[in-house]
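Note: the block below is data23.pdb and it holds PDB, C-alpha atoms.
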```
ATOM      1  CA  MET F   1      40.776 -41.834 -10.441
ATOM      2  CA  LEU F   2      44.221 -41.674  -8.839
ATOM      3  CA  ILE F   3      43.623 -43.562  -5.579
ATOM      4  CA  GLU F   4      41.759 -46.776  -4.829
ATOM      5  CA  ASN F   5      41.356 -48.584  -1.526
ATOM      6  CA  ARG F   6      41.376 -52.374  -1.919
ATOM      7  CA  GLU F   7      40.801 -54.177   1.367
ATOM      8  CA  ASN F   8      42.527 -51.409   3.328
ATOM      9  CA  ARG F   9      45.462 -51.230   0.921
ATOM     10  CA  VAL F  10      46.188 -48.228  -1.274
ATOM     11  CA  VAL F  11      46.396 -48.652  -5.034
ATOM     12  CA  PHE F  12      47.693 -45.758  -7.111
ATOM     13  CA  HIS F  13      46.633 -45.189 -10.707
ATOM     14  CA  GLY F  14      47.739 -42.959 -13.570
ATOM     15  CA  ASP F  15      50.364 -40.346 -12.765
ATOM     16  CA  ALA F  16      50.382 -41.458  -9.104
ATOM     17  CA  ALA F  17      51.384 -45.061  -9.908
ATOM     18  CA  THR F  18      55.094 -44.337  -9.441
ATOM     19  CA  LEU F  19      54.601 -43.485  -5.764
ATOM     20  CA  ILE F  20      54.742 -47.155  -4.733
ATOM     21  CA  LYS F  21      58.102 -47.566  -6.467
ATOM     22  CA  GLN F  22      59.451 -44.486  -4.733
ATOM     23  CA  ASN F  23      58.143 -45.511  -1.298
ATOM     24  CA  PRO F  24      57.616 -49.315  -1.256
ATOM     25  CA  LYS F  25      56.550 -49.163   2.402
ATOM     26  CA  LEU F  26      53.200 -47.788   1.206
ATOM     27  CA  THR F  27      52.318 -51.381   0.227
ATOM     28  CA  GLU F  28      52.675 -52.464   3.878
ATOM     29  CA  MET F  29      50.470 -49.716   5.282
ATOM     30  CA  CYS F  30      46.821 -50.217   6.223
ATOM     31  CA  PHE F  31      44.248 -47.534   5.486
ATOM     32  CA  ILE F  32      40.491 -47.194   5.773
ATOM     33  CA  PRO F  33      38.325 -44.748   3.838
ATOM     34  CA  SER F  34      37.331 -41.478   5.429
ATOM     35  CA  GLN F  35      34.372 -41.856   7.758
ATOM     36  CA  GLU F  36      32.899 -38.581   6.485
ATOM     37  CA  ALA F  37      31.559 -37.959   2.998
ATOM     38  CA  LEU F  38      33.102 -35.319   0.789
ATOM     39  CA  ASP F  39      30.875 -32.254   0.377
ATOM     40  CA  PRO F  40      31.326 -31.140  -3.271
ATOM     41  CA  ARG F  41      29.638 -27.797  -2.597
ATOM     42  CA  PHE F  42      32.013 -27.029   0.283
ATOM     43  CA  ILE F  43      35.025 -28.035  -1.832
ATOM     44  CA  SER F  44      33.852 -25.795  -4.683
ATOM     45  CA  GLU F  45      33.421 -22.841  -2.323
ATOM     46  CA  LEU F  46      36.811 -23.501  -0.718
ATOM     47  CA  ASN F  47      38.505 -23.681  -4.127
ATOM     48  CA  SER F  48      36.997 -20.292  -5.017
ATOM     49  CA  LYS F  49      38.139 -18.819  -1.708
ATOM     50  CA  LEU F  50      41.678 -20.167  -2.156
ATOM     51  CA  GLY F  51      41.880 -19.037  -5.773
ATOM     52  CA  GLN F  52      42.930 -22.502  -6.927
ATOM     53  CA  ALA F  53      41.727 -26.076  -6.650
ATOM     54  CA  LEU F  54      42.736 -28.518  -3.946
ATOM     55  CA  PRO F  55      45.176 -31.092  -5.427
ATOM     56  CA  SER F  56      43.315 -34.170  -6.698
ATOM     57  CA  LEU F  57      45.893 -36.488  -5.098
ATOM     58  CA  PHE F  58      45.244 -34.843  -1.716
ATOM     59  CA  VAL F  59      41.443 -35.094  -1.895
ATOM     60  CA  GLU F  60      41.331 -38.633  -3.290
ATOM     61  CA  PHE F  61      43.899 -40.003  -0.840
ATOM     62  CA  ILE F  62      42.034 -38.663   2.180
ATOM     63  CA  GLN F  63      38.721 -39.940   0.814
ATOM     64  CA  GLN F  64      40.099 -43.438   0.242
ATOM     65  CA  CYS F  65      42.802 -43.750   2.899
ATOM     66  CA  GLY F  66      42.386 -41.064   5.552
ATOM     67  CA  GLY F  67      39.996 -42.804   7.925
ATOM     68  CA  PHE F  68      40.472 -43.680  11.564
ATOM     69  CA  ASP F  69      38.730 -46.607  13.272
ATOM     70  CA  ALA F  70      38.651 -46.776  17.066
ATOM     71  CA  GLY F  71      37.867 -50.477  16.982
ATOM     72  CA  TYR F  72      39.724 -53.486  18.382
ATOM     73  CA  ASP F  73      43.018 -52.671  16.671
ATOM     74  CA  PHE F  74      42.305 -48.928  16.773
ATOM     75  CA  ILE F  75      45.465 -47.742  15.035
ATOM     76  CA  PHE F  76      44.719 -46.405  11.549
ATOM     77  CA  PRO F  77      46.659 -45.535   9.489
ATOM     78  CA  CYS F  78      49.156 -48.185  10.534
ATOM     79  CA  ALA F  79      51.439 -50.919   9.290
ATOM     80  CA  HIS F  80      51.612 -54.653   9.977
ATOM     81  CA  ARG F  81      54.287 -56.036  12.241
ATOM     82  CA  HIS F  82      56.645 -58.119  10.142
ATOM     83  CA  ASP F  83      56.785 -60.904  12.749
ATOM     84  CA  ASP F  84      52.985 -61.021  13.194
ATOM     85  CA  PRO F  85      50.840 -59.679  10.313
ATOM     86  CA  SER F  86      47.712 -59.841  12.495
ATOM     87  CA  LYS F  87      49.084 -57.074  14.739
ATOM     88  CA  LEU F  88      48.325 -53.577  13.507
ATOM     89  CA  SER F  89      50.711 -51.911  15.913
ATOM     90  CA  LEU F  90      53.178 -49.920  13.835
ATOM     91  CA  GLU F  91      52.005 -46.347  13.892
ATOM     92  CA  LEU F  92      52.523 -44.258  10.760
ATOM     93  CA  LYS F  93      54.675 -41.199  11.212
ATOM     94  CA  LEU F  94      55.841 -38.292   9.102
ATOM     95  CA  PRO F  95      59.502 -37.367   9.702
ATOM     96  CA  MET F  96      59.924 -33.580   9.741
ATOM     97  CA  THR F  97      62.987 -31.365   9.504
ATOM     98  CA  PHE F  98      62.584 -27.612   9.827
ATOM     99  CA  ILE F  99      64.319 -24.457  10.992
ATOM    100  CA  ASP F 100      63.175 -23.020  14.326
ATOM    101  CA  GLY F 101      64.916 -19.925  15.661
ATOM    102  CA  GLY F 102      67.943 -20.568  13.460
ATOM    103  CA  GLU F 103      68.289 -24.161  14.671
ATOM    104  CA  VAL F 104      67.489 -27.330  12.722
ATOM    105  CA  ARG F 105      64.841 -29.468  14.418
ATOM    106  CA  CYS F 106      64.031 -33.056  13.550
ATOM    107  CA  GLN F 107      60.907 -34.716  14.891
ATOM    108  CA  SER F 108      58.046 -36.958  13.790
ATOM    109  CA  PHE F 109      54.392 -36.137  13.349
ATOM    110  CA  SER F 110      52.112 -39.047  14.273
ATOM    111  CA  LEU F 111      49.188 -39.870  11.964
ATOM    112  CA  PHE F 112      47.490 -41.861  14.712
ATOM    113  CA  GLU F 113      44.146 -40.148  14.070
ATOM    114  CA  GLY F 114      44.302 -40.400  10.297
ATOM    115  CA  LEU F 115      43.693 -37.522   7.883
ATOM    116  CA  TYR F 116      40.530 -35.455   7.595
ATOM    117  CA  LEU F 117      38.641 -34.017   4.674
ATOM    118  CA  PRO F 118      38.140 -30.272   4.231
ATOM    119  CA  GLY F 119      34.670 -29.455   5.488
ATOM    120  CA  GLY F 120      34.480 -32.340   7.957
ATOM    121  CA  SER F 121      33.996 -31.994  11.704
ATOM    122  CA  GLN F 122      37.696 -32.134  12.641
ATOM    123  CA  TYR F 123      38.529 -29.691   9.854
ATOM    124  CA  GLN F 124      36.002 -27.205  11.231
ATOM    125  CA  THR F 125      37.483 -27.613  14.713
ATOM    126  CA  GLU F 126      40.998 -26.855  13.482
ATOM    127  CA  ILE F 127      39.801 -23.878  11.419
ATOM    128  CA  SER F 128      38.266 -22.459  14.598
ATOM    129  CA  VAL F 129      41.578 -22.908  16.432
ATOM    130  CA  LEU F 130      43.514 -21.265  13.583
ATOM    131  CA  GLU F 131      41.077 -18.352  13.702
ATOM    132  CA  MET F 132      41.427 -17.956  17.475
ATOM    133  CA  CYS F 133      45.195 -18.042  17.180
ATOM    134  CA  PHE F 134      45.775 -15.893  14.105
ATOM    135  CA  ALA F 135      42.719 -13.731  13.417
ATOM    136  CA  ALA F 136      43.899 -11.183  15.998
ATOM    137  CA  ASP F 137      47.143  -9.273  15.517
ATOM    138  CA  GLU F 138      49.173 -10.882  18.311
ATOM    139  CA  HIS F 139      50.791 -13.617  16.161
ATOM    140  CA  GLN F 140      51.350 -11.757  12.893
ATOM    141  CA  ASP F 141      55.129 -12.276  13.090
ATOM    142  CA  GLU F 142      54.648 -16.053  13.154
ATOM    143  CA  LEU F 143      52.448 -15.893  10.052
ATOM    144  CA  GLN F 144      55.383 -14.296   8.165
ATOM    145  CA  GLY F 145      53.043 -12.546   5.762
ATOM    146  CA  ARG F 146      50.700 -15.510   5.297
ATOM    147  CA  ASP F 147      46.925 -15.230   5.197
ATOM    148  CA  TRP F 148      45.834 -17.796   7.793
ATOM    149  CA  GLN F 149      42.604 -18.333   5.830
ATOM    150  CA  LYS F 150      44.687 -19.912   3.061
ATOM    151  CA  LEU F 151      45.882 -22.672   5.406
ATOM    152  CA  VAL F 152      43.933 -25.928   4.929
ATOM    153  CA  PRO F 153      44.330 -28.257   7.940
ATOM    154  CA  PHE F 154      44.209 -32.005   7.286
ATOM    155  CA  ALA F 155      45.948 -33.775  10.203
ATOM    156  CA  SER F 156      46.432 -33.120  13.914
ATOM    157  CA  ASN F 157      48.542 -34.570  16.697
ATOM    158  CA  ASN F 158      48.448 -33.401  20.322
ATOM    159  CA  GLY F 159      47.212 -29.988  19.250
ATOM    160  CA  ASP F 160      49.714 -29.519  16.433
ATOM    161  CA  VAL F 161      48.451 -29.433  12.849
ATOM    162  CA  LEU F 162      49.571 -30.116   9.284
ATOM    163  CA  CYS F 163      48.148 -27.746   6.662
ATOM    164  CA  LEU F 164      48.302 -27.193   2.946
ATOM    165  CA  ASP F 165      49.583 -23.633   2.489
ATOM    166  CA  PHE F 166      47.978 -21.817  -0.442
ATOM    167  CA  ASN F 167      49.856 -18.568   0.189
ATOM    168  CA  GLN F 168      52.000 -18.987  -2.900
ATOM    169  CA  ASP F 169      51.355 -19.640  -6.563
ATOM    170  CA  GLY F 170      51.427 -23.187  -7.840
ATOM    171  CA  GLU F 171      51.003 -26.380  -5.847
ATOM    172  CA  PRO F 172      50.561 -25.749  -2.106
ATOM    173  CA  ASN F 173      53.371 -26.782   0.191
ATOM    174  CA  ILE F 174      52.854 -28.363   3.594
ATOM    175  CA  VAL F 175      53.422 -26.486   6.825
ATOM    176  CA  TYR F 176      53.585 -27.664  10.425
ATOM    177  CA  VAL F 177      51.623 -25.445  12.813
ATOM    178  CA  THR F 178      52.329 -25.721  16.518
ATOM    179  CA  TYR F 179      50.409 -23.815  19.159
ATOM    180  CA  ASP F 180      53.037 -24.517  21.818
ATOM    181  CA  GLY F 181      54.855 -21.221  21.502
ATOM    182  CA  VAL F 182      53.035 -20.653  18.190
ATOM    183  CA  GLY F 183      55.000 -21.337  15.047
ATOM    184  CA  ILE F 184      54.449 -22.150  11.378
ATOM    185  CA  TYR F 185      57.193 -24.156   9.681
ATOM    186  CA  PRO F 186      57.378 -25.285   6.033
ATOM    187  CA  ILE F 187      58.246 -28.996   5.950
ATOM    188  CA  LEU F 188      57.422 -30.399   2.489
ATOM    189  CA  PRO F 189      56.908 -29.008  -1.021
ATOM    190  CA  ASN F 190      53.573 -30.771  -1.672
ATOM    191  CA  PHE F 191      51.243 -33.627  -0.649
ATOM    192  CA  GLU F 192      53.004 -36.100  -2.926
ATOM    193  CA  ALA F 193      56.193 -35.502  -0.948
ATOM    194  CA  LEU F 194      54.269 -36.339   2.227
ATOM    195  CA  LEU F 195      53.255 -39.723   0.837
ATOM    196  CA  LEU F 196      56.841 -40.407  -0.180
ATOM    197  CA  ALA F 197      58.024 -39.528   3.335
ATOM    198  CA  LEU F 198      55.486 -41.671   5.237
ATOM    199  CA  ASP F 199      57.196 -44.225   7.450
ATOM    200  CA  TYR F 200      56.550 -46.384  10.492
ATOM    201  CA  LYS F 201      58.542 -47.338  13.554
ATOM    202  CA  SER F 202      58.184 -50.397  15.776
TER
END
```

So, in terms of structure tokens, how does the structure I just supplied come out?
Amino acid sequence: MLIENRENRVVFHGDAATLIKQNPKLTEMCFIPSQEALDPRFISELNSKLGQALPSLFVEFIQQCGGFDAGYDFIFPCAHRHDDPSKLSLELKLPMTFIDGGEVRCQSFSLFEGLYLPGGSQYQTEISVLEMCFAADEHQDELQGRDWQKLVPFASNNGDVLCLDFNQDGEPNIVYVTYDGVGIYPILPNFEALLLALDYKS
């Protein structure tokens, strides 16, 4: 076990224990477990299709900390306000820097809706969108040689998506997929780097 959720707080174990030291803000973030159960059969079939296993850190974190609750506070994942710990109003964001058309772009990706497990309902929705966008030949240039079926979506924001990209050997990197103009941009080397980059803004 690498990830544990204790009263909506993440606890890292084993090799992942150093993540808190590298990003202390993780201790101030509130998470709830995924609202959907992991389907081991689907994960096994997906691993076979990808030719390698999904990273354990990725799967365990989403299981334990990827949920979204549209309740009274309704912002998960989130962080407490420092001046009022009862207010869950600091939305978690992922800062992104990438090259678009030769220009450097900096923007944030909101995790307002949490993260979703492969095989879940939101995952299936995003797979359908990826298929509609890339299964035909019209956006092959944007794929830059990638097989779209080796993109594993796990977060969405206003139609844009974060995916694990299994189009290379070794640990999958993370790409930002936007359907506004259609583009795929590498942003982080792996899921651990995403956790280290997580931040919040008031």

**Report entry** Contacts of range 159-165 of chain F at 10 Å (all atoms listed in the file; same-chain gap of 5+ positions) as a ChimeraX atom specification
**Finding:** /F:50,54-55,58,109,115,126,129-130,146-154,171-180,182-191

Pick out the residues sitting within 6 Å of Gly67 in chain F, and hand them over as a short mmCIF file (atom, residue, chain, number, x, y, z; two decimals) with C-alpha atoms, keeping the file's coordinate frame; count all atoms listed in the file, and ignore anything fewer than 6 positions along from it in its own chain.
```
data_model
loop_
_atom_site.label_atom_id
_atom_site.label_comp_id
_atom_site.auth_asym_id
_atom_site.auth_seq_id
_atom_site.Cartn_x
_atom_site.Cartn_y
_atom_site.Cartn_z
CA ILE F 32 40.49 -47.19 5.77
CA PRO F 33 38.33 -44.75 3.84
CA SER F 34 37.33 -41.48 5.43
CA GLN F 35 34.37 -41.86 7.76
CA GLY F 114 44.30 -40.40 10.30
#
```

Query raised in the report: Got a sec to resolve the PyMOL selection byres ((chain F and resi 7) around 9) on this structure and send the residues as a list in words?
Result: Asn5, Arg6, Asn8, Arg9, Val10, Cys30, Phe31 and Ile32 of chain F

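Between CA of Cys106 in chain F and CA of Met132 in chain F the interatomic distance comes to 27.5 Å.
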
Report task. Report as a ChimeraX atom specification the residues that result from applying the PyMOL selection byres ((chain F and resi 1) around 9) to the structure here. Result -> /F:2-4,12-14,56,60

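Closest approach to Ser44 in chain F from the set F:Ala193, F:Pro118, F:Ser156, F:Gln140 is made by F:Pro118, with distances taken over all atoms listed in the file.
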
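Separating CA of Gln168 in chain F from CA of Gln107 in chain F is a distance of 25.4 Å.
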
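In this structure, CA of Glu138 in chain F sits 19.0 Å away from CA of Asp100 in chain F.
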
Requested in this report: May I have the residues within 7 Å of range 91-98 of chain F as a PyMOL selection string, using all atoms listed in the file and disregarding those fewer than 4 positions away in the same chain?
Outcome: chain F and resi 75+77-79+104-112+185-187+197-201

Query raised in the report: Between F:Gly119, F:Leu195, F:Gln144, F:Glu131, which has the minimum distance to Arg41 in chain F (counting all atoms listed in the file)?
Result: F:Gly119

Determine the axis-aligned bounding box of all atoms of range 4-14 of chain F present in the file, pad each side by 4 Å, and express its centre and edge lengths in Å to one decimal place as JSON.
```
{"center_x": 44.3, "center_y": -48.6, "center_z": -5.1, "size_x": 14.9, "size_y": 19.2, "size_z": 24.9}
```

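Among the candidates F:Leu19, F:Leu143, F:Ala155, F:Ile99, the residue lying nearest to Gln124 in chain F is F:Ala155 (atoms considered: only C-alpha atoms).
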
Query raised in the report: Taking only C-alpha atoms into account, which of F:Asp137, F:Leu196, F:Pro24, F:Phe166 comes nearest Lys49 in chain F?
Result: F:Phe166
